[in-house]
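The block underneath contains the structure these notes are about, expressed in structure tokens.
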Amino acid sequence: MKRKIAKDLLSIGAVFFRPDEPFTWASGIKSPVYCDNRLTLSTPAVREDVENGLAALIREYYPAAEMLMGTSTAGIAHAAITAYLLSLPMGYVRSGAKDHGRKNQIEGRLEAGQKVVVVEDLISTGGSVLEVVDILRQAGAEVLGIVSIFTYGMKKGLERLSAANVVNHPLTDFDVIAEVAAEEGYIRPEDVARLIAFRDDPSDESWIKGAKA
């Protein structure tokens with residue numbers, strides 16, 4: 001599944017590698033990869049692979065799930081479609097509480113003690129998805145874990161997830177996509193080591209110099 005999803009994401013430019021001309025994140029970090037998994041929603045064949053894949057992960061790792069919760073905003077559509085496939089209720093968690101009406105931050109009917117799986121599109125350092133987990137736990141939910149389309153597998157993210165006692169099961173990951181990208185000609189084979197160096201320490205820009213090697 002990891003290789004199939006990697007090929008899907010690469011084919012539609014949802015995960016796009018540019019090691020010789022890095023993108024700049026809001027944090028200032030130079031990155032050889034650009035991710036926009038929202039593009040999967042616009043491509044029915046890829047969307048079907050993604051949603052069926054997420055449903056399969058939930059069936060395998062979280063068979064006791066009683067509700068899916070999407071992250072705002074990228075995880076909402078995936079949570080909705082996957083919940084439909086599994087005949088489960090769903091909701092989503094806003095990035096902040098509304099300033100009107102009931103001032104909800106959690107949308108959907110969540111009962112105390114309900115077993116919940118969080119659906120996310122992308123995990124890098126893990127900060128945003130763990131905020132969602134914390135909000136759900138404070139509301140009384142039992143968060144079984146996370147499923148995501150893609151994860152970088154960065155050390156900081158893995159450590160944060162471990163500290164929060166929560167597990168993420170991704171459809172694919174950075175290492176697999178880098179490998180497939182080299183095989184399919186999106187990048188040069190020698191670029192894979194540079195990409196992994198970025199993954200291992202995003203703040204160390206020495207991988208960029210490998211472009212001239």
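Starting from 1 in every chain, residues are counted up; chains themselves are A, B, ... following the order of the structure tokens, and ligands are numbered from 1 as listed.
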Report as a ChimeraX atom specification all protein, DNA and RNA residues lying within 8 Å of Leu158 of chain A, evaluated on only C-alpha atoms, omitting residues in the same chain fewer than 5 positions from it. /A:125-126,153
Keeping N, CA, C and O atoms for every residue in the selection just given, could you write it to a file as a CSV table (one decimal), in the first residue's frame?
chain,number,residue,atom,x,y,z
A,125,THR,N,6.0,17.8,12.2
A,125,THR,CA,6.5,17.8,13.6
A,125,THR,C,5.5,17.3,14.6
A,125,THR,O,5.8,17.2,15.8
A,126,GLY,N,4.2,17.1,14.1
A,126,GLY,CA,3.2,16.6,15.0
A,126,GLY,C,2.4,17.6,15.8
A,126,GLY,O,1.5,17.2,16.5
A,153,GLY,N,8.0,11.4,9.2
A,153,GLY,CA,8.8,10.5,10.1
A,153,GLY,C,9.9,11.3,10.8
A,153,GLY,O,11.0,10.7,11.1
Near Leu54 of chain A, counting only C-alpha atoms, which residues have an atom at most 7 Å away, once you skip same-chain residues fewer than 3 positions from it, shown as a PDB file with all heavy atoms, in the first residue's frame?
ATOM      1  N   VAL A  50      -6.921   6.495  -1.590  1.00  0.00           N
ATOM      2  CA  VAL A  50      -6.639   7.094  -0.283  1.00  0.00           C
ATOM      3  C   VAL A  50      -7.710   6.728   0.735  1.00  0.00           C
ATOM      4  O   VAL A  50      -7.410   6.275   1.848  1.00  0.00           O
ATOM      5  CB  VAL A  50      -6.504   8.625  -0.404  1.00  0.00           C
ATOM      6  CG1 VAL A  50      -6.545   9.290   0.976  1.00  0.00           C
ATOM      7  CG2 VAL A  50      -5.208   8.984  -1.123  1.00  0.00           C
ATOM      8  N   GLU A  51      -8.968   6.925   0.373  1.00  0.00           N
ATOM      9  CA  GLU A  51     -10.041   6.685   1.343  1.00  0.00           C
ATOM     10  C   GLU A  51     -10.185   5.197   1.672  1.00  0.00           C
ATOM     11  O   GLU A  51     -10.384   4.834   2.836  1.00  0.00           O
ATOM     12  CB  GLU A  51     -11.372   7.241   0.834  1.00  0.00           C
ATOM     13  CG  GLU A  51     -11.324   8.662   0.282  1.00  0.00           C
ATOM     14  CD  GLU A  51     -10.633   9.695   1.167  1.00  0.00           C
ATOM     15  OE1 GLU A  51     -10.409   9.445   2.368  1.00  0.00           O
ATOM     16  OE2 GLU A  51     -10.301  10.776   0.654  1.00  0.00           O
ATOM     17  N   LEU A  57      -6.724   0.866   7.160  1.00  0.00           N
ATOM     18  CA  LEU A  57      -5.888   1.081   8.343  1.00  0.00           C
ATOM     19  C   LEU A  57      -6.724   1.072   9.613  1.00  0.00           C
ATOM     20  O   LEU A  57      -6.318   0.489  10.633  1.00  0.00           O
ATOM     21  CB  LEU A  57      -5.143   2.416   8.227  1.00  0.00           C
ATOM     22  CG  LEU A  57      -4.009   2.505   7.204  1.00  0.00           C
ATOM     23  CD1 LEU A  57      -3.436   3.921   7.184  1.00  0.00           C
ATOM     24  CD2 LEU A  57      -2.914   1.486   7.510  1.00  0.00           C
ATOM     25  N   ILE A  58      -7.876   1.712   9.543  1.00  0.00           N
ATOM     26  CA  ILE A  58      -8.738   1.775  10.727  1.00  0.00           C
ATOM     27  C   ILE A  58      -9.275   0.394  11.067  1.00  0.00           C
ATOM     28  O   ILE A  58      -9.312  -0.002  12.244  1.00  0.00           O
ATOM     29  CB  ILE A  58      -9.871   2.794  10.509  1.00  0.00           C
ATOM     30  CG1 ILE A  58      -9.284   4.214  10.442  1.00  0.00           C
ATOM     31  CG2 ILE A  58     -10.907   2.711  11.643  1.00  0.00           C
ATOM     32  CD1 ILE A  58     -10.237   5.263   9.946  1.00  0.00           C
ATOM     33  N   THR A  82     -14.132   8.544   4.658  1.00  0.00           N
ATOM     34  CA  THR A  82     -13.747   7.291   5.309  1.00  0.00           C
ATOM     35  C   THR A  82     -14.818   6.835   6.290  1.00  0.00           C
ATOM     36  O   THR A  82     -15.118   5.633   6.391  1.00  0.00           O
ATOM     37  CB  THR A  82     -12.394   7.447   6.030  1.00  0.00           C
ATOM     38  OG1 THR A  82     -11.415   7.926   5.102  1.00  0.00           O
ATOM     39  CG2 THR A  82     -11.918   6.121   6.601  1.00  0.00           C
ATOM     40  N   VAL A 147      -4.717   8.137  11.969  1.00  0.00           N
ATOM     41  CA  VAL A 147      -4.355   7.665  10.629  1.00  0.00           C
ATOM     42  C   VAL A 147      -4.081   8.900   9.779  1.00  0.00           C
ATOM     43  O   VAL A 147      -4.712   9.944   9.965  1.00  0.00           O
ATOM     44  CB  VAL A 147      -5.455   6.798   9.966  1.00  0.00           C
ATOM     45  CG1 VAL A 147      -5.590   5.478  10.693  1.00  0.00           C
ATOM     46  CG2 VAL A 147      -6.786   7.526   9.897  1.00  0.00           C
ATOM     47  N   LEU A 171      -0.575   6.096   5.486  1.00  0.00           N
ATOM     48  CA  LEU A 171      -0.695   5.333   4.245  1.00  0.00           C
ATOM     49  C   LEU A 171       0.666   5.179   3.577  1.00  0.00           C
ATOM     50  O   LEU A 171       0.975   4.150   2.979  1.00  0.00           O
ATOM     51  CB  LEU A 171      -1.668   6.015   3.287  1.00  0.00           C
ATOM     52  CG  LEU A 171      -3.152   5.915   3.630  1.00  0.00           C
ATOM     53  CD1 LEU A 171      -3.978   6.701   2.614  1.00  0.00           C
ATOM     54  CD2 LEU A 171      -3.602   4.463   3.671  1.00  0.00           C
TER      55      LEU A 171
END
Which of segment 1-211 of chain A DSSP labels strand (DSSP E), written as a PyMOL selection string: chain A and resi 15-17+23-24+30-31+33-35+67-71+90-93+106-107+115-123+142-151+168-173
Residue contacts of Asp204 of chain A (12 Å, only C-alpha atoms) excluding same-chain residues fewer than 2 positions away, as a list of chain:residue names: A:Gly28, A:Ile29, A:Lys30, A:Ser31, A:Arg194, A:Leu195, A:Ile196, A:Ala197, A:Phe198, A:Arg199, A:Asp200, A:Asp201, A:Pro202, A:Ser206, A:Trp207, A:Ile208, A:Lys209
Could you dump the residues just selected with C-alpha atoms as a PDB file, in the first residue's frame?
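That gives us selection-v9.pdb:
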ATOM      1  CA  GLY A  28      12.278  29.600   7.457  1.00  0.00           C
ATOM      2  CA  ILE A  29      13.432  26.006   7.024  1.00  0.00           C
ATOM      3  CA  LYS A  30      14.484  25.057   3.512  1.00  0.00           C
ATOM      4  CA  SER A  31      12.637  21.971   2.321  1.00  0.00           C
ATOM      5  CA  ARG A 194      19.984  14.187   0.529  1.00  0.00           C
ATOM      6  CA  LEU A 195      16.257  13.886   1.152  1.00  0.00           C
ATOM      7  CA  ILE A 196      16.791  11.504   4.061  1.00  0.00           C
ATOM      8  CA  ALA A 197      19.373  13.897   5.510  1.00  0.00           C
ATOM      9  CA  PHE A 198      16.722  16.625   5.422  1.00  0.00           C
ATOM     10  CA  ARG A 199      14.218  14.306   7.094  1.00  0.00           C
ATOM     11  CA  ASP A 200      16.714  13.447   9.831  1.00  0.00           C
ATOM     12  CA  ASP A 201      17.516  17.095  10.646  1.00  0.00           C
ATOM     13  CA  PRO A 202      15.492  19.778   8.805  1.00  0.00           C
ATOM     14  CA  SER A 206      24.089  20.890   4.483  1.00  0.00           C
ATOM     15  CA  TRP A 207      22.001  18.497   2.345  1.00  0.00           C
ATOM     16  CA  ILE A 208      21.441  21.367  -0.125  1.00  0.00           C
ATOM     17  CA  LYS A 209      25.134  21.396  -1.053  1.00  0.00           C
TER      18      LYS A 209
END
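Proximity to Ile149 of chain A was assessed for A:Ile106, A:Met67, A:Ile177, A:Ile123 counting only C-alpha atoms; the smallest distance is recorded for A:Ile123.
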Which residues come within 12 Å of Tyr92 of chain A, counting only C-alpha atoms, excluding same-chain residues fewer than 6 positions away, as a PDB file with N, CA, C and O atoms, in the first residue's frame?
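File written: around.pdb
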ATOM      1  N   MET A  67     -15.954   6.531  16.278  1.00  0.00           N
ATOM      2  CA  MET A  67     -16.139   7.819  15.609  1.00  0.00           C
ATOM      3  C   MET A  67     -14.815   8.274  15.005  1.00  0.00           C
ATOM      4  O   MET A  67     -13.747   7.992  15.559  1.00  0.00           O
ATOM      5  N   LEU A  68     -14.885   8.958  13.861  1.00  0.00           N
ATOM      6  CA  LEU A  68     -13.707   9.565  13.254  1.00  0.00           C
ATOM      7  C   LEU A  68     -13.770  11.067  13.431  1.00  0.00           C
ATOM      8  O   LEU A  68     -14.834  11.671  13.321  1.00  0.00           O
ATOM      9  N   MET A  69     -12.620  11.655  13.710  1.00  0.00           N
ATOM     10  CA  MET A  69     -12.530  13.098  13.865  1.00  0.00           C
ATOM     11  C   MET A  69     -11.467  13.642  12.913  1.00  0.00           C
ATOM     12  O   MET A  69     -10.294  13.257  12.992  1.00  0.00           O
ATOM     13  N   GLY A  70     -11.863  14.522  12.003  1.00  0.00           N
ATOM     14  CA  GLY A  70     -10.923  15.123  11.076  1.00  0.00           C
ATOM     15  C   GLY A  70     -10.261  16.342  11.666  1.00  0.00           C
ATOM     16  O   GLY A  70     -10.829  17.028  12.517  1.00  0.00           O
ATOM     17  N   THR A  71      -9.040  16.603  11.217  1.00  0.00           N
ATOM     18  CA  THR A  71      -8.339  17.822  11.610  1.00  0.00           C
ATOM     19  C   THR A  71      -8.757  18.940  10.664  1.00  0.00           C
ATOM     20  O   THR A  71      -9.011  18.702   9.480  1.00  0.00           O
ATOM     21  N   SER A  72      -8.816  20.132  11.168  1.00  0.00           N
ATOM     22  CA  SER A  72      -9.240  21.279  10.356  1.00  0.00           C
ATOM     23  C   SER A  72      -8.019  21.916   9.673  1.00  0.00           C
ATOM     24  O   SER A  72      -7.009  22.165  10.321  1.00  0.00           O
ATOM     25  N   THR A  73      -8.105  22.123   8.354  1.00  0.00           N
ATOM     26  CA  THR A  73      -9.241  21.785   7.520  1.00  0.00           C
ATOM     27  C   THR A  73      -8.975  20.554   6.645  1.00  0.00           C
ATOM     28  O   THR A  73      -9.902  19.920   6.132  1.00  0.00           O
ATOM     29  N   ALA A  74      -7.703  20.223   6.485  1.00  0.00           N
ATOM     30  CA  ALA A  74      -7.314  19.220   5.490  1.00  0.00           C
ATOM     31  C   ALA A  74      -7.837  17.828   5.784  1.00  0.00           C
ATOM     32  O   ALA A  74      -8.044  17.032   4.862  1.00  0.00           O
ATOM     33  N   GLY A  75      -8.061  17.508   7.039  1.00  0.00           N
ATOM     34  CA  GLY A  75      -8.502  16.158   7.368  1.00  0.00           C
ATOM     35  C   GLY A  75      -9.998  15.960   7.325  1.00  0.00           C
ATOM     36  O   GLY A  75     -10.480  14.819   7.414  1.00  0.00           O
ATOM     37  N   ILE A  76     -10.757  17.040   7.183  1.00  0.00           N
ATOM     38  CA  ILE A  76     -12.212  16.939   7.303  1.00  0.00           C
ATOM     39  C   ILE A  76     -12.824  16.072   6.205  1.00  0.00           C
ATOM     40  O   ILE A  76     -13.599  15.148   6.470  1.00  0.00           O
ATOM     41  N   ALA A  77     -12.497  16.366   4.957  1.00  0.00           N
ATOM     42  CA  ALA A  77     -13.091  15.609   3.852  1.00  0.00           C
ATOM     43  C   ALA A  77     -12.706  14.138   3.922  1.00  0.00           C
ATOM     44  O   ALA A  77     -13.537  13.248   3.673  1.00  0.00           O
ATOM     45  N   HIS A  78     -11.460  13.863   4.267  1.00  0.00           N
ATOM     46  CA  HIS A  78     -11.009  12.473   4.343  1.00  0.00           C
ATOM     47  C   HIS A  78     -11.711  11.734   5.478  1.00  0.00           C
ATOM     48  O   HIS A  78     -12.066  10.559   5.338  1.00  0.00           O
ATOM     49  N   ALA A  79     -11.916  12.416   6.589  1.00  0.00           N
ATOM     50  CA  ALA A  79     -12.646  11.800   7.701  1.00  0.00           C
ATOM     51  C   ALA A  79     -14.084  11.503   7.287  1.00  0.00           C
ATOM     52  O   ALA A  79     -14.632  10.445   7.618  1.00  0.00           O
ATOM     53  N   ALA A  80     -14.700  12.427   6.566  1.00  0.00           N
ATOM     54  CA  ALA A  80     -16.099  12.247   6.151  1.00  0.00           C
ATOM     55  C   ALA A  80     -16.251  11.068   5.201  1.00  0.00           C
ATOM     56  O   ALA A  80     -17.142  10.218   5.372  1.00  0.00           O
ATOM     57  N   ALA A  83     -15.415   7.763   7.012  1.00  0.00           N
ATOM     58  CA  ALA A  83     -16.499   7.416   7.936  1.00  0.00           C
ATOM     59  C   ALA A  83     -17.677   6.831   7.173  1.00  0.00           C
ATOM     60  O   ALA A  83     -18.335   5.887   7.644  1.00  0.00           O
ATOM     61  N   ASN A 104     -18.468  26.385  19.511  1.00  0.00           N
ATOM     62  CA  ASN A 104     -17.875  25.050  19.471  1.00  0.00           C
ATOM     63  C   ASN A 104     -16.460  25.065  18.912  1.00  0.00           C
ATOM     64  O   ASN A 104     -16.145  25.845  18.016  1.00  0.00           O
ATOM     65  N   GLN A 105     -15.642  24.190  19.435  1.00  0.00           N
ATOM     66  CA  GLN A 105     -14.368  23.877  18.789  1.00  0.00           C
ATOM     67  C   GLN A 105     -14.429  22.474  18.199  1.00  0.00           C
ATOM     68  O   GLN A 105     -13.815  22.194  17.184  1.00  0.00           O
ATOM     69  N   ILE A 106     -15.210  21.616  18.831  1.00  0.00           N
ATOM     70  CA  ILE A 106     -15.453  20.274  18.309  1.00  0.00           C
ATOM     71  C   ILE A 106     -16.813  20.263  17.624  1.00  0.00           C
ATOM     72  O   ILE A 106     -17.824  20.600  18.241  1.00  0.00           O
ATOM     73  N   GLU A 107     -16.835  19.919  16.351  1.00  0.00           N
ATOM     74  CA  GLU A 107     -18.086  19.857  15.602  1.00  0.00           C
ATOM     75  C   GLU A 107     -18.510  18.398  15.422  1.00  0.00           C
ATOM     76  O   GLU A 107     -17.697  17.550  15.071  1.00  0.00           O
ATOM     77  N   GLY A 108     -19.787  18.136  15.663  1.00  0.00           N
ATOM     78  CA  GLY A 108     -20.287  16.767  15.641  1.00  0.00           C
ATOM     79  C   GLY A 108     -20.629  16.352  17.063  1.00  0.00           C
ATOM     80  O   GLY A 108     -20.161  16.948  18.028  1.00  0.00           O
ATOM     81  N   ARG A 109     -21.434  15.325  17.190  1.00  0.00           N
ATOM     82  CA  ARG A 109     -21.872  14.883  18.517  1.00  0.00           C
ATOM     83  C   ARG A 109     -20.857  13.891  19.088  1.00  0.00           C
ATOM     84  O   ARG A 109     -20.809  12.720  18.693  1.00  0.00           O
ATOM     85  N   LEU A 110     -20.061  14.360  20.022  1.00  0.00           N
ATOM     86  CA  LEU A 110     -19.053  13.532  20.673  1.00  0.00           C
ATOM     87  C   LEU A 110     -19.501  13.226  22.094  1.00  0.00           C
ATOM     88  O   LEU A 110     -19.758  14.137  22.885  1.00  0.00           O
ATOM     89  N   VAL A 116     -12.334   7.250  19.624  1.00  0.00           N
ATOM     90  CA  VAL A 116     -12.164   8.112  18.456  1.00  0.00           C
ATOM     91  C   VAL A 116     -10.831   7.860  17.760  1.00  0.00           C
ATOM     92  O   VAL A 116      -9.806   7.618  18.408  1.00  0.00           O
ATOM     93  N   VAL A 117     -10.854   7.921  16.430  1.00  0.00           N
ATOM     94  CA  VAL A 117      -9.634   7.919  15.626  1.00  0.00           C
ATOM     95  C   VAL A 117      -9.543   9.261  14.909  1.00  0.00           C
ATOM     96  O   VAL A 117     -10.519   9.727  14.314  1.00  0.00           O
ATOM     97  N   VAL A 118      -8.380   9.892  14.987  1.00  0.00           N
ATOM     98  CA  VAL A 118      -8.155  11.175  14.325  1.00  0.00           C
ATOM     99  C   VAL A 118      -7.646  10.944  12.911  1.00  0.00           C
ATOM    100  O   VAL A 118      -6.750  10.121  12.688  1.00  0.00           O
ATOM    101  N   VAL A 119      -8.221  11.653  11.952  1.00  0.00           N
ATOM    102  CA  VAL A 119      -7.828  11.535  10.544  1.00  0.00           C
ATOM    103  C   VAL A 119      -7.103  12.821  10.137  1.00  0.00           C
ATOM    104  O   VAL A 119      -7.665  13.917  10.214  1.00  0.00           O
ATOM    105  N   GLU A 120      -5.862  12.663   9.694  1.00  0.00           N
ATOM    106  CA  GLU A 120      -5.008  13.797   9.324  1.00  0.00           C
ATOM    107  C   GLU A 120      -4.449  13.568   7.932  1.00  0.00           C
ATOM    108  O   GLU A 120      -4.284  12.412   7.505  1.00  0.00           O
ATOM    109  N   VAL A 129      -1.615  18.068  14.970  1.00  0.00           N
ATOM    110  CA  VAL A 129      -2.471  16.910  15.222  1.00  0.00           C
ATOM    111  C   VAL A 129      -2.543  16.587  16.710  1.00  0.00           C
ATOM    112  O   VAL A 129      -3.580  16.144  17.221  1.00  0.00           O
ATOM    113  N   VAL A 132      -5.168  18.588  18.419  1.00  0.00           N
ATOM    114  CA  VAL A 132      -6.482  17.973  18.213  1.00  0.00           C
ATOM    115  C   VAL A 132      -6.691  16.832  19.197  1.00  0.00           C
ATOM    116  O   VAL A 132      -7.751  16.708  19.819  1.00  0.00           O
ATOM    117  N   VAL A 133      -5.686  15.990  19.346  1.00  0.00           N
ATOM    118  CA  VAL A 133      -5.772  14.875  20.294  1.00  0.00           C
ATOM    119  C   VAL A 133      -6.043  15.394  21.696  1.00  0.00           C
ATOM    120  O   VAL A 133      -6.897  14.855  22.421  1.00  0.00           O
ATOM    121  N   ILE A 135      -7.416  18.264  22.632  1.00  0.00           N
ATOM    122  CA  ILE A 135      -8.767  18.836  22.729  1.00  0.00           C
ATOM    123  C   ILE A 135      -9.804  17.732  22.884  1.00  0.00           C
ATOM    124  O   ILE A 135     -10.728  17.835  23.698  1.00  0.00           O
ATOM    125  N   LEU A 136      -9.649  16.658  22.118  1.00  0.00           N
ATOM    126  CA  LEU A 136     -10.587  15.543  22.198  1.00  0.00           C
ATOM    127  C   LEU A 136     -10.506  14.847  23.562  1.00  0.00           C
ATOM    128  O   LEU A 136     -11.532  14.489  24.147  1.00  0.00           O
TER     129      LEU A 136
END
Among the residues A:Tyr186, A:Thr172, A:Arg137, A:Leu130, the one that comes closest to Ile12 of chain A [using only C-alpha atoms]: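 Nearest to Ile12 of chain A: A:Tyr186.
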Excluding Val46 of chain A and any residue of its chain fewer than 6 positions from it, enumerate the residues within 10 Å of it, using only C-alpha atoms, and give them as a PyMOL selection string. chain A and resi 4-5+7-9+11-12+39-40+52
For the residues in that selection, give me C-alpha atoms as a PDB file, in the first residue's frame.
ATOM      1  CA  LYS A   4       0.915   2.451  -4.345  1.00  0.00           C
ATOM      2  CA  ILE A   5      -0.071   5.584  -2.433  1.00  0.00           C
ATOM      3  CA  LYS A   7       2.959   6.586  -6.774  1.00  0.00           C
ATOM      4  CA  ASP A   8      -0.511   8.151  -6.575  1.00  0.00           C
ATOM      5  CA  LEU A   9       0.697  11.217  -4.698  1.00  0.00           C
ATOM      6  CA  SER A  11       1.574  11.323 -10.141  1.00  0.00           C
ATOM      7  CA  ILE A  12      -0.720  14.233  -9.239  1.00  0.00           C
ATOM      8  CA  LEU A  39      -5.168  17.514  -4.545  1.00  0.00           C
ATOM      9  CA  THR A  40      -6.204  13.917  -3.874  1.00  0.00           C
ATOM     10  CA  ASN A  52     -10.080   2.904   0.936  1.00  0.00           C
TER      11      ASN A  52
END
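Residue nearest Tyr61 of chain A within the list A:Val167, A:Val93, A:Thr24, A:Gly185: A:Val167 [criterion: smallest interatomic distance, only C-alpha atoms].
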Best match for closeness to Gln138 of chain A among A:Leu41, A:Ala112, A:Ala55, A:Met154, counting only C-alpha atoms: A:Ala112
Which residue, A:Arg59, A:Ser128, A:Pro170, A:Glu205, has the smallest gap to Arg94 of chain A when you use only C-alpha atoms? A:Ser128
Where in segment 79-174 of chain A does DSSP assign helix (DSSP H, G or I), given as a PDB file with C-alpha atoms, in the first residue's frame?
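Listed below is the output, result_13.pdb:
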ATOM      1  CA  ALA A  79     -12.646  11.800   7.701  1.00  0.00           C
ATOM      2  CA  ALA A  80     -16.099  12.247   6.151  1.00  0.00           C
ATOM      3  CA  ILE A  81     -15.501   9.915   3.205  1.00  0.00           C
ATOM      4  CA  THR A  82     -13.747   7.291   5.309  1.00  0.00           C
ATOM      5  CA  ALA A  83     -16.499   7.416   7.936  1.00  0.00           C
ATOM      6  CA  TYR A  84     -19.013   6.812   5.147  1.00  0.00           C
ATOM      7  CA  LEU A  85     -17.098   3.743   3.997  1.00  0.00           C
ATOM      8  CA  LEU A  86     -16.994   2.412   7.564  1.00  0.00           C
ATOM      9  CA  GLY A 127       2.222  19.817  16.699  1.00  0.00           C
ATOM     10  CA  SER A 128      -1.138  20.460  15.055  1.00  0.00           C
ATOM     11  CA  VAL A 129      -2.471  16.910  15.222  1.00  0.00           C
ATOM     12  CA  LEU A 130      -1.487  16.597  18.883  1.00  0.00           C
ATOM     13  CA  GLU A 131      -3.448  19.755  19.648  1.00  0.00           C
ATOM     14  CA  VAL A 132      -6.482  17.973  18.213  1.00  0.00           C
ATOM     15  CA  VAL A 133      -5.772  14.875  20.294  1.00  0.00           C
ATOM     16  CA  ASP A 134      -5.494  17.008  23.427  1.00  0.00           C
ATOM     17  CA  ILE A 135      -8.767  18.836  22.729  1.00  0.00           C
ATOM     18  CA  LEU A 136     -10.587  15.543  22.198  1.00  0.00           C
ATOM     19  CA  ARG A 137      -9.141  14.060  25.368  1.00  0.00           C
ATOM     20  CA  GLN A 138     -10.177  17.117  27.357  1.00  0.00           C
ATOM     21  CA  LYS A 155      12.446  12.738  14.916  1.00  0.00           C
ATOM     22  CA  LYS A 156      10.685  15.650  16.586  1.00  0.00           C
ATOM     23  CA  GLY A 157       7.295  14.420  15.412  1.00  0.00           C
ATOM     24  CA  LEU A 158       7.943  10.841  16.507  1.00  0.00           C
ATOM     25  CA  GLU A 159       9.104  11.993  19.935  1.00  0.00           C
ATOM     26  CA  ARG A 160       6.050  14.202  20.391  1.00  0.00           C
ATOM     27  CA  LEU A 161       3.664  11.407  19.446  1.00  0.00           C
ATOM     28  CA  SER A 162       5.411   9.016  21.799  1.00  0.00           C
ATOM     29  CA  ALA A 163       5.308  11.524  24.672  1.00  0.00           C
ATOM     30  CA  PHE A 174       8.773  10.180   3.336  1.00  0.00           C
TER      31      PHE A 174
END
Taking only C-alpha atoms into account, which of A:Tyr34, A:Phe150, A:Phe17, A:Trp25 comes nearest Gly53 of chain A? A:Phe150
